[in-house]
file start-v9.cif (mmCIF, C-alpha atoms and all ligand atoms)
data_target
loop_
_atom_site.group_PDB
_atom_site.id
_atom_site.type_symbol
_atom_site.label_atom_id
_atom_site.label_comp_id
_atom_site.auth_asym_id
_atom_site.auth_seq_id
_atom_site.Cartn_x
_atom_site.Cartn_y
_atom_site.Cartn_z
ATOM 1 C CA MET A 1 0.000 0.000 0.000
ATOM 2 C CA GLY A 2 1.232 3.517 -0.660
ATOM 3 C CA ARG A 3 2.305 5.654 2.213
ATOM 4 C CA THR A 4 0.050 8.609 1.773
ATOM 5 C CA THR A 5 0.180 11.381 4.339
ATOM 6 C CA ALA A 6 -2.947 10.059 5.971
ATOM 7 C CA SER A 7 -1.621 6.546 6.393
ATOM 8 C CA LYS A 8 1.975 7.255 7.404
ATOM 9 C CA PRO A 9 2.936 4.664 10.004
ATOM 10 C CA LYS A 10 3.366 6.288 13.406
ATOM 11 C CA VAL A 11 6.402 5.477 15.491
ATOM 12 C CA LEU A 12 6.819 6.617 19.077
ATOM 13 C CA ILE A 13 10.448 6.834 20.195
ATOM 14 C CA VAL A 14 10.739 6.403 23.952
ATOM 15 C CA GLU A 15 14.311 7.347 24.679
ATOM 16 C CA ASP A 16 15.940 9.799 27.086
ATOM 17 C CA GLU A 17 19.218 10.177 25.195
ATOM 18 C CA SER A 18 18.371 13.173 23.046
ATOM 19 C CA ASP A 19 21.161 12.590 20.515
ATOM 20 C CA LEU A 20 19.849 9.133 19.818
ATOM 21 C CA SER A 21 16.169 10.034 19.803
ATOM 22 C CA SER A 22 16.658 12.960 17.437
ATOM 23 C CA SER A 23 18.719 10.939 14.987
ATOM 24 C CA LEU A 24 16.139 8.149 15.101
ATOM 25 C CA ALA A 25 13.330 10.633 14.512
ATOM 26 C CA TYR A 26 15.254 12.075 11.569
ATOM 27 C CA ALA A 27 15.857 8.634 10.045
ATOM 28 C CA LEU A 28 12.231 7.597 10.544
ATOM 29 C CA ARG A 29 10.846 10.750 8.921
ATOM 30 C CA ALA A 30 13.288 10.335 6.031
ATOM 31 C CA ASN A 31 11.881 6.823 5.590
ATOM 32 C CA GLY A 32 8.278 7.981 5.416
ATOM 33 C CA TYR A 33 7.197 7.548 9.022
ATOM 34 C CA ASP A 34 5.479 9.936 11.358
ATOM 35 C CA ALA A 35 7.790 10.053 14.387
ATOM 36 C CA MET A 36 7.304 11.384 17.888
ATOM 37 C CA VAL A 37 9.780 11.416 20.778
ATOM 38 C CA ALA A 38 9.023 10.856 24.462
ATOM 39 C CA ASP A 39 12.004 11.373 26.740
ATOM 40 C CA ARG A 40 10.490 9.747 29.814
ATOM 41 C CA GLY A 41 7.961 7.137 30.757
ATOM 42 C CA SER A 42 5.188 9.453 31.897
ATOM 43 C CA VAL A 43 5.379 11.353 28.594
ATOM 44 C CA ALA A 44 5.396 8.060 26.722
ATOM 45 C CA LEU A 45 2.216 6.824 28.408
ATOM 46 C CA GLN A 46 0.415 10.051 27.482
ATOM 47 C CA ALA A 47 1.748 9.859 23.925
ATOM 48 C CA ILE A 48 0.529 6.299 23.553
ATOM 49 C CA ASP A 49 -3.000 7.589 24.191
ATOM 50 C CA SER A 50 -2.816 10.774 22.136
ATOM 51 C CA PHE A 51 -0.459 9.801 19.286
ATOM 52 C CA GLN A 52 -1.667 6.193 19.015
ATOM 53 C CA PRO A 53 1.565 4.824 17.572
ATOM 54 C CA ASP A 54 1.660 1.790 15.300
ATOM 55 C CA LEU A 55 5.046 0.938 16.736
ATOM 56 C CA ILE A 56 6.991 1.890 19.859
ATOM 57 C CA LEU A 57 10.775 1.983 20.063
ATOM 58 C CA LEU A 58 11.323 1.484 23.746
ATOM 59 C CA ASP A 59 14.446 2.222 25.742
ATOM 60 C CA LEU A 60 14.574 0.192 28.946
ATOM 61 C CA MET A 61 16.477 2.671 31.118
ATOM 62 C CA LEU A 62 14.329 5.766 31.523
ATOM 63 C CA PRO A 63 14.619 8.430 34.219
ATOM 64 C CA ASP A 64 11.207 7.914 35.790
ATOM 65 C CA MET A 65 10.205 4.300 35.205
ATOM 66 C CA PRO A 66 11.509 1.089 33.691
ATOM 67 C CA GLY A 67 10.754 0.686 30.005
ATOM 68 C CA LEU A 68 9.494 -2.811 30.735
ATOM 69 C CA GLU A 69 6.696 -1.308 32.810
ATOM 70 C CA ILE A 70 5.537 0.697 29.802
ATOM 71 C CA CYS A 71 5.508 -2.450 27.693
ATOM 72 C CA ARG A 72 3.552 -4.282 30.377
ATOM 73 C CA LYS A 73 0.998 -1.463 30.558
ATOM 74 C CA VAL A 74 0.571 -1.400 26.780
ATOM 75 C CA ARG A 75 0.069 -5.144 26.589
ATOM 76 C CA GLY A 76 -2.234 -5.112 29.592
ATOM 77 C CA ALA A 77 -4.598 -2.622 27.965
ATOM 78 C CA SER A 78 -7.929 -4.281 27.334
ATOM 79 C CA SER A 79 -9.018 -2.043 24.496
ATOM 80 C CA GLY A 80 -7.592 -0.319 21.466
ATOM 81 C CA PRO A 81 -5.195 -1.617 18.846
ATOM 82 C CA GLN A 82 -1.913 -3.072 20.043
ATOM 83 C CA PRO A 83 1.194 -1.311 18.777
ATOM 84 C CA ALA A 84 4.270 -3.316 17.916
ATOM 85 C CA VAL A 85 7.050 -2.877 20.480
ATOM 86 C CA ILE A 86 10.760 -3.010 19.744
ATOM 87 C CA ILE A 87 12.951 -2.735 22.809
ATOM 88 C CA LEU A 88 16.169 -0.744 22.480
ATOM 89 C CA SER A 89 18.581 -1.528 25.214
ATOM 90 C CA ALA A 90 22.212 -1.328 26.130
ATOM 91 C CA ARG A 91 21.670 -4.318 28.320
ATOM 92 C CA VAL A 92 23.059 -7.404 26.727
ATOM 93 C CA GLN A 93 22.261 -10.085 29.247
ATOM 94 C CA GLU A 94 19.990 -12.786 27.922
ATOM 95 C CA ILE A 95 17.766 -12.415 30.950
ATOM 96 C CA ASP A 96 16.705 -8.982 29.724
ATOM 97 C CA ARG A 97 15.808 -10.340 26.332
ATOM 98 C CA VAL A 98 13.716 -13.025 27.976
ATOM 99 C CA VAL A 99 11.925 -10.580 30.252
ATOM 100 C CA GLY A 100 11.376 -8.264 27.292
ATOM 101 C CA PHE A 101 9.627 -10.979 25.337
ATOM 102 C CA GLU A 102 7.691 -12.062 28.399
ATOM 103 C CA VAL A 103 6.150 -8.640 28.847
ATOM 104 C CA GLY A 104 5.107 -8.699 25.224
ATOM 105 C CA ALA A 105 7.843 -7.008 23.197
ATOM 106 C CA ASP A 106 7.941 -8.081 19.548
ATOM 107 C CA ASP A 107 11.623 -7.541 18.996
ATOM 108 C CA TYR A 108 14.743 -6.558 20.876
ATOM 109 C CA VAL A 109 17.645 -4.525 19.550
ATOM 110 C CA THR A 110 20.845 -4.118 21.496
ATOM 111 C CA LYS A 111 22.669 -0.788 21.510
ATOM 112 C CA PRO A 112 24.697 0.192 19.666
ATOM 113 C CA PHE A 113 22.759 -0.784 16.561
ATOM 114 C CA SER A 114 22.804 0.134 12.909
ATOM 115 C CA VAL A 115 20.014 2.562 12.084
ATOM 116 C CA ARG A 116 19.586 0.869 8.721
ATOM 117 C CA GLU A 117 19.068 -2.518 10.350
ATOM 118 C CA LEU A 118 16.623 -0.995 12.806
ATOM 119 C CA MET A 119 14.650 0.509 9.901
ATOM 120 C CA LEU A 120 14.400 -2.946 8.316
ATOM 121 C CA ARG A 121 13.160 -4.440 11.553
ATOM 122 C CA ILE A 122 10.616 -1.654 11.987
ATOM 123 C CA GLU A 123 9.351 -2.262 8.482
ATOM 124 C CA ALA A 124 9.053 -5.986 9.143
ATOM 125 C CA ARG A 125 7.162 -5.444 12.401
ATOM 126 C CA LEU A 126 4.786 -2.942 10.859
ATOM 127 C CA ARG A 127 3.782 -5.131 7.946
ATOM 128 C CA THR A 128 0.879 -6.677 9.807
ATOM 129 C CA HIS A 129 0.130 -3.579 11.847
ATOM 130 C CA MET A 130 -0.354 -1.317 8.886
ATOM 131 C CA ALA A 131 -3.288 -3.441 7.778
ATOM 132 C CA VAL A 132 -5.122 -2.545 10.987
ATOM 133 C CA GLY A 133 -8.224 -0.543 10.310
ATOM 134 C CA GLN A 134 -7.877 -1.109 6.598
ATOM 135 C CA ALA A 135 -9.831 -4.334 6.254
ATOM 136 C CA GLY A 136 -10.554 -4.988 2.649
ATOM 137 C CA ALA A 137 -7.955 -2.484 1.528
ATOM 138 C CA GLU A 138 -5.412 -3.332 -1.102
ATOM 139 C CA LYS A 139 -2.889 -5.908 -0.048
ATOM 140 C CA THR A 140 0.762 -5.103 0.354
ATOM 141 C CA SER A 141 3.186 -6.843 -1.936
ATOM 142 C CA ALA A 142 4.488 -8.732 1.088
ATOM 143 C CA GLN A 143 1.034 -10.112 1.753
ATOM 144 C CA GLU A 144 0.679 -11.172 -1.851
ATOM 145 C CA GLN A 145 3.904 -13.120 -1.599
ATOM 146 C CA ASN A 146 2.787 -14.787 1.620
ATOM 147 C CA PRO A 147 -0.905 -15.505 1.204
ATOM 148 C CA VAL A 148 -2.826 -14.220 4.141
ATOM 149 C CA VAL A 149 -4.992 -16.351 6.291
ATOM 150 C CA SER A 150 -8.479 -15.839 7.464
ATOM 151 C CA PHE A 151 -10.077 -18.662 9.345
ATOM 152 C CA THR A 152 -12.858 -19.491 11.715
ATOM 153 C CA LEU A 153 -12.703 -22.050 14.481
ATOM 154 C CA ARG A 154 -15.977 -22.350 16.357
ATOM 155 C CA ASN A 155 -16.461 -18.868 17.899
ATOM 156 C CA LEU A 156 -12.989 -17.580 16.953
ATOM 157 C CA ARG A 157 -12.538 -15.692 13.701
ATOM 158 C CA VAL A 158 -9.097 -14.513 12.615
ATOM 159 C CA ASP A 159 -8.395 -12.204 9.691
ATOM 160 C CA GLU A 160 -4.665 -11.971 9.269
ATOM 161 C CA ALA A 161 -4.841 -9.469 6.404
ATOM 162 C CA ALA A 162 -6.711 -6.990 8.546
ATOM 163 C CA HIS A 163 -4.848 -8.065 11.693
ATOM 164 C CA ARG A 164 -8.141 -8.571 13.460
ATOM 165 C CA ALA A 165 -9.565 -11.324 15.606
ATOM 166 C CA PHE A 166 -13.050 -11.844 16.936
ATOM 167 C CA VAL A 167 -14.513 -14.073 19.601
ATOM 168 C CA ASP A 168 -18.294 -14.398 19.485
ATOM 169 C CA ASP A 169 -18.183 -11.551 16.926
ATOM 170 C CA LYS A 170 -16.609 -9.254 19.498
ATOM 171 C CA GLU A 171 -13.182 -7.958 18.536
ATOM 172 C CA ILE A 172 -10.251 -8.919 20.725
ATOM 173 C CA HIS A 173 -7.036 -6.964 20.472
ATOM 174 C CA LEU A 174 -4.003 -9.116 19.841
ATOM 175 C CA SER A 175 -0.393 -8.058 19.620
ATOM 176 C CA ALA A 176 1.403 -8.819 16.367
ATOM 177 C CA LEU A 177 3.147 -11.665 18.111
ATOM 178 C CA GLU A 178 -0.065 -13.190 19.431
ATOM 179 C CA MET A 179 -1.562 -12.965 15.960
ATOM 180 C CA ARG A 180 1.504 -14.686 14.527
ATOM 181 C CA VAL A 181 1.160 -17.525 17.031
ATOM 182 C CA LEU A 182 -2.455 -18.162 16.003
ATOM 183 C CA VAL A 183 -1.755 -17.924 12.284
ATOM 184 C CA TYR A 184 1.396 -20.014 12.536
ATOM 185 C CA LEU A 185 -0.448 -22.758 14.397
ATOM 186 C CA PHE A 186 -3.265 -22.619 11.880
ATOM 187 C CA LYS A 187 -0.875 -22.987 8.945
ATOM 188 C CA SER A 188 0.977 -25.859 10.605
ATOM 189 C CA PRO A 189 0.259 -29.518 9.895
ATOM 190 C CA GLY A 190 -2.261 -30.744 12.432
ATOM 191 C CA HIS A 191 -2.333 -27.139 13.645
ATOM 192 C CA MET A 192 0.421 -28.127 16.040
ATOM 193 C CA ARG A 193 3.915 -26.897 16.818
ATOM 194 C CA ASN A 194 6.359 -27.511 19.590
ATOM 195 C CA ARG A 195 7.831 -24.768 21.745
ATOM 196 C CA ARG A 196 11.132 -24.832 19.935
ATOM 197 C CA GLU A 197 9.465 -24.305 16.561
ATOM 198 C CA LEU A 198 7.369 -21.473 17.937
ATOM 199 C CA LEU A 199 10.393 -19.775 19.415
ATOM 200 C CA THR A 200 12.345 -20.062 16.198
ATOM 201 C CA GLU A 201 9.588 -19.324 13.705
ATOM 202 C CA VAL A 202 7.335 -16.907 15.536
ATOM 203 C CA TRP A 203 9.829 -15.202 17.805
ATOM 204 C CA GLY A 204 12.811 -15.563 15.471
ATOM 205 C CA TYR A 205 14.570 -16.353 18.651
ATOM 206 C CA HIS A 206 17.244 -18.765 19.676
ATOM 207 C CA PRO A 207 15.479 -21.736 21.225
ATOM 208 C CA GLU A 208 17.765 -22.684 24.087
ATOM 209 C CA VAL A 209 16.965 -19.656 26.141
ATOM 210 C CA ALA A 210 13.534 -19.977 27.605
ATOM 211 C CA SER A 211 10.600 -22.026 26.502
ATOM 212 C CA ARG A 212 8.715 -20.444 29.368
ATOM 213 C CA THR A 213 8.582 -17.308 27.214
ATOM 214 C CA VAL A 214 6.259 -19.229 24.932
ATOM 215 C CA ASP A 215 4.149 -20.440 27.852
ATOM 216 C CA THR A 216 3.813 -16.922 29.180
ATOM 217 C CA HIS A 217 2.558 -15.669 25.836
ATOM 218 C CA ILE A 218 0.238 -18.600 25.338
ATOM 219 C CA LYS A 219 -1.273 -17.895 28.740
ATOM 220 C CA ARG A 220 -1.801 -14.235 27.860
ATOM 221 C CA LEU A 221 -3.270 -15.218 24.516
ATOM 222 C CA ARG A 222 -5.668 -17.646 26.195
ATOM 223 C CA ASP A 223 -6.754 -14.906 28.589
ATOM 224 C CA LYS A 224 -7.576 -12.686 25.625
ATOM 225 C CA LEU A 225 -9.417 -15.472 23.808
ATOM 226 C CA GLY A 226 -11.891 -15.753 26.675
ATOM 227 C CA THR A 227 -14.616 -18.249 25.749
ATOM 228 C CA ALA A 228 -12.473 -19.440 22.819
ATOM 229 C CA ALA A 229 -9.469 -20.135 25.064
ATOM 230 C CA ASP A 230 -9.990 -23.891 24.904
ATOM 231 C CA LEU A 231 -9.351 -23.822 21.146
ATOM 232 C CA LEU A 232 -5.688 -23.250 21.940
ATOM 233 C CA LYS A 233 -4.560 -26.523 23.392
ATOM 234 C CA THR A 234 -1.441 -27.605 25.178
ATOM 235 C CA VAL A 235 -0.105 -30.935 23.998
ATOM 236 C CA ARG A 236 1.642 -31.967 27.139
ATOM 237 C CA GLY A 237 5.341 -32.426 26.749
ATOM 238 C CA VAL A 238 5.193 -31.423 23.093
ATOM 239 C CA GLY A 239 3.835 -27.987 22.385
ATOM 240 C CA PHE A 240 0.639 -26.307 21.335
ATOM 241 C CA ARG A 241 -2.069 -26.745 18.761
ATOM 242 C CA LEU A 242 -5.377 -25.336 17.682
ATOM 243 C CA ALA A 243 -8.481 -27.443 18.045
ATOM 244 C CA ALA A 244 -9.632 -29.097 14.839
ATOM 245 C CA PRO A 245 -12.957 -28.184 13.208
ATOM 246 C CA ASP A 246 -14.489 -31.553 14.145
ATOM 247 C CA GLU A 247 -13.447 -31.028 17.728
ATOM 248 C CA GLN A 248 -16.074 -28.386 18.339
ATOM 249 C CA GLY A 249 -18.989 -28.283 20.708
ATOM 250 C CA ALA A 250 -19.328 -31.056 23.243
ATOM 251 C CA ARG A 251 -16.209 -32.768 22.019
ATOM 252 C CA SER A 252 -14.050 -29.824 22.918
ATOM 253 C CA SER A 253 -14.823 -30.252 26.576
ATOM 254 C CA GLN A 254 -13.601 -33.826 26.391
ATOM 255 C CA ALA A 255 -10.436 -33.023 24.514
ATOM 256 C CA SER A 256 -7.771 -33.094 27.140
ATOM 257 C CA ASP A 257 -4.243 -31.829 27.092
ATOM 258 C CA ASP A 258 -3.174 -35.418 26.756
ATOM 259 C CA HIS A 259 -4.796 -35.715 23.356
ATOM 260 C CA ALA A 260 -2.820 -38.376 21.530
ATOM 261 C CA VAL A 261 -0.206 -36.947 19.250
ATOM 262 C CA ASP A 262 -0.747 -39.910 16.925
ATOM 263 C CA SER A 263 -4.204 -38.691 16.033
ATOM 264 C CA LEU A 264 -3.023 -35.269 15.001
ATOM 265 C CA GLY A 265 -2.407 -36.285 11.419
ATOM 266 C CA SER A 266 -6.121 -36.761 10.946
ATOM 267 C CA LEU A 267 -6.768 -33.308 12.329
ATOM 268 C CA ALA A 268 -4.972 -31.553 9.512
ATOM 269 C CA ARG A 269 -7.223 -29.330 7.503
HETATM 270 CA CA CA B 1 18.145 5.483 28.569
#
call {"tool": "encode", "arguments": {"input": "start-v9.cif", "output": "structure tokens"}}
result
Amino acid sequence: MGRTTASKPKVLIVEDESDLSSSLAYALRANGYDAMVADRGSVALQAIDSFQPDLILLDLMLPDMPGLEICRKVRGASSGPQPAVIILSARVQEIDRVVGFEVGADDYVTKPFSVRELMLRIEARLRTHMAVGQAGAEKTSAQEQNPVVSFTLRNLRVDEAAHRAFVDDKEIHLSALEMRVLVYLFKSPGHMRNRRELLTEVWGYHPEVASRTVDTHIKRLRDKLGTAADLLKTVRGVGFRLAAPDEQGARSSQASDDHAVDSLGSLAR
């Protein structure tokens, strides 16, 4: 889709180092984005409401509050679209990456970073987000190359192109990552994947670190799914899958987490 003035993607830069934030804002505007800078957490929280960014670049070390708390607040919001979040941090310890993903960040970039690489990551993260609110609009070339998915399982309806999901016809607001988990499971044989595959394919993340990251996100996703939560099943000791179409209604209450892996082949769409 063309980036007209009206549909410029909005990026909120939450960063207290003014040299860095101003050069990021410059680079973003040069690349066709609408950029806004917040130099502390309290300003960022206000800007999230008023500016309604499509993506947040989030520094973790802010003068007034931890960046992670901002991420947690954004992901905890029960209404409104979910912006993508890319954490920018000088911290290099793996534990920070893990915590970042656990509170719902979509990506994590360690300082110092190349602005060009960051721009590529921003573009990648925004691909799904820019379809928000433009259901039925022209597809991006990226979407044409990777056919989009729209599917219905019992009372859950997912429209990947529009980045929208509905339970009982009521919209639920998923982060880009949560949407990717659902779509990835749906596209997978038997609608099932193990934790390692999810970490690698959905998170683009090295698998040794923490499979509990996946569990944390699955739990949050189930919370958001509400009455459709049981469609997202844990296959004990293996991973996760979506319920099959013929597993609806009364059968779904019988389907236990111990559902035999051997039967999954027959559940493929
Ligand atoms: Ca800082």
call {"tool": "atom_distance", "arguments": {"input": "start-v9.cif", "atom1": "CA of Met179 in chain A", "atom2": "CA of Arg154 in chain A"}}
result
17.2 Å
call {"tool": "atom_distance", "arguments": {"input": "start-v9.cif", "atom1": "CA of Glu197 in chain A", "atom2": "CA of Arg72 in chain A"}}
result
25.0 Å
call {"tool": "resolve_selection", "arguments": {"input": "start-v9.cif", "expression": "the PyMOL selection byres (((not hetatm)) within 8 of (chain B and resi 1))", "output": "ChimeraX atom specification"}}
result
/A:15-17,59-63,89
call {"tool": "residues_near_point", "arguments": {"input": "start-v9.cif", "point": "(10.9, 16.8, 20.2)", "cutoff": "9 Å", "atoms": "only C-alpha atoms", "output": "JSON, numbers by chain"}}
result
{"A": [18, 21, 22, 25, 36, 37, 38, 39]}
call {"tool": "atom_distance", "arguments": {"input": "start-v9.cif", "atom1": "CA of Leu232 in chain A", "atom2": "CA of Met192 in chain A"}}
result
9.8 Å
call {"tool": "closest_residue", "arguments": {"input": "start-v9.cif", "among": "A:His173, A:Gly67, A:Arg236, A:Ala77", "to": "Asp96 in chain A", "atoms": "all atoms listed in the file"}}
result
A:Gly67
call {"tool": "closest_residue", "arguments": {"input": "start-v9.cif", "among": "A:Ser23, A:Asn194, A:Ser79, A:Thr216", "to": "Glu178 in chain A", "atoms": "all atoms listed in the file"}}
result
A:Thr216
call {"tool": "closest_residue", "arguments": {"input": "start-v9.cif", "among": "A:Ile48, A:Val14, A:Val238, A:Ala228", "to": "Val167 in chain A", "atoms": "all atoms listed in the file"}}
result
A:Ala228
call {"tool": "resolve_selection", "arguments": {"input": "start-v9.cif", "expression": "the PyMOL selection byres (((chain A and resi 107) around 7) and not hetatm)", "output": "PyMOL selection string"}}
result
chain A and resi 85-87+105-106+108-109
call {"tool": "closest_residue", "arguments": {"input": "start-v9.cif", "among": "A:Glu102, A:Arg116, A:Pro9, A:Gln46", "to": "Leu68 in chain A", "atoms": "only C-alpha atoms"}}
result
A:Glu102
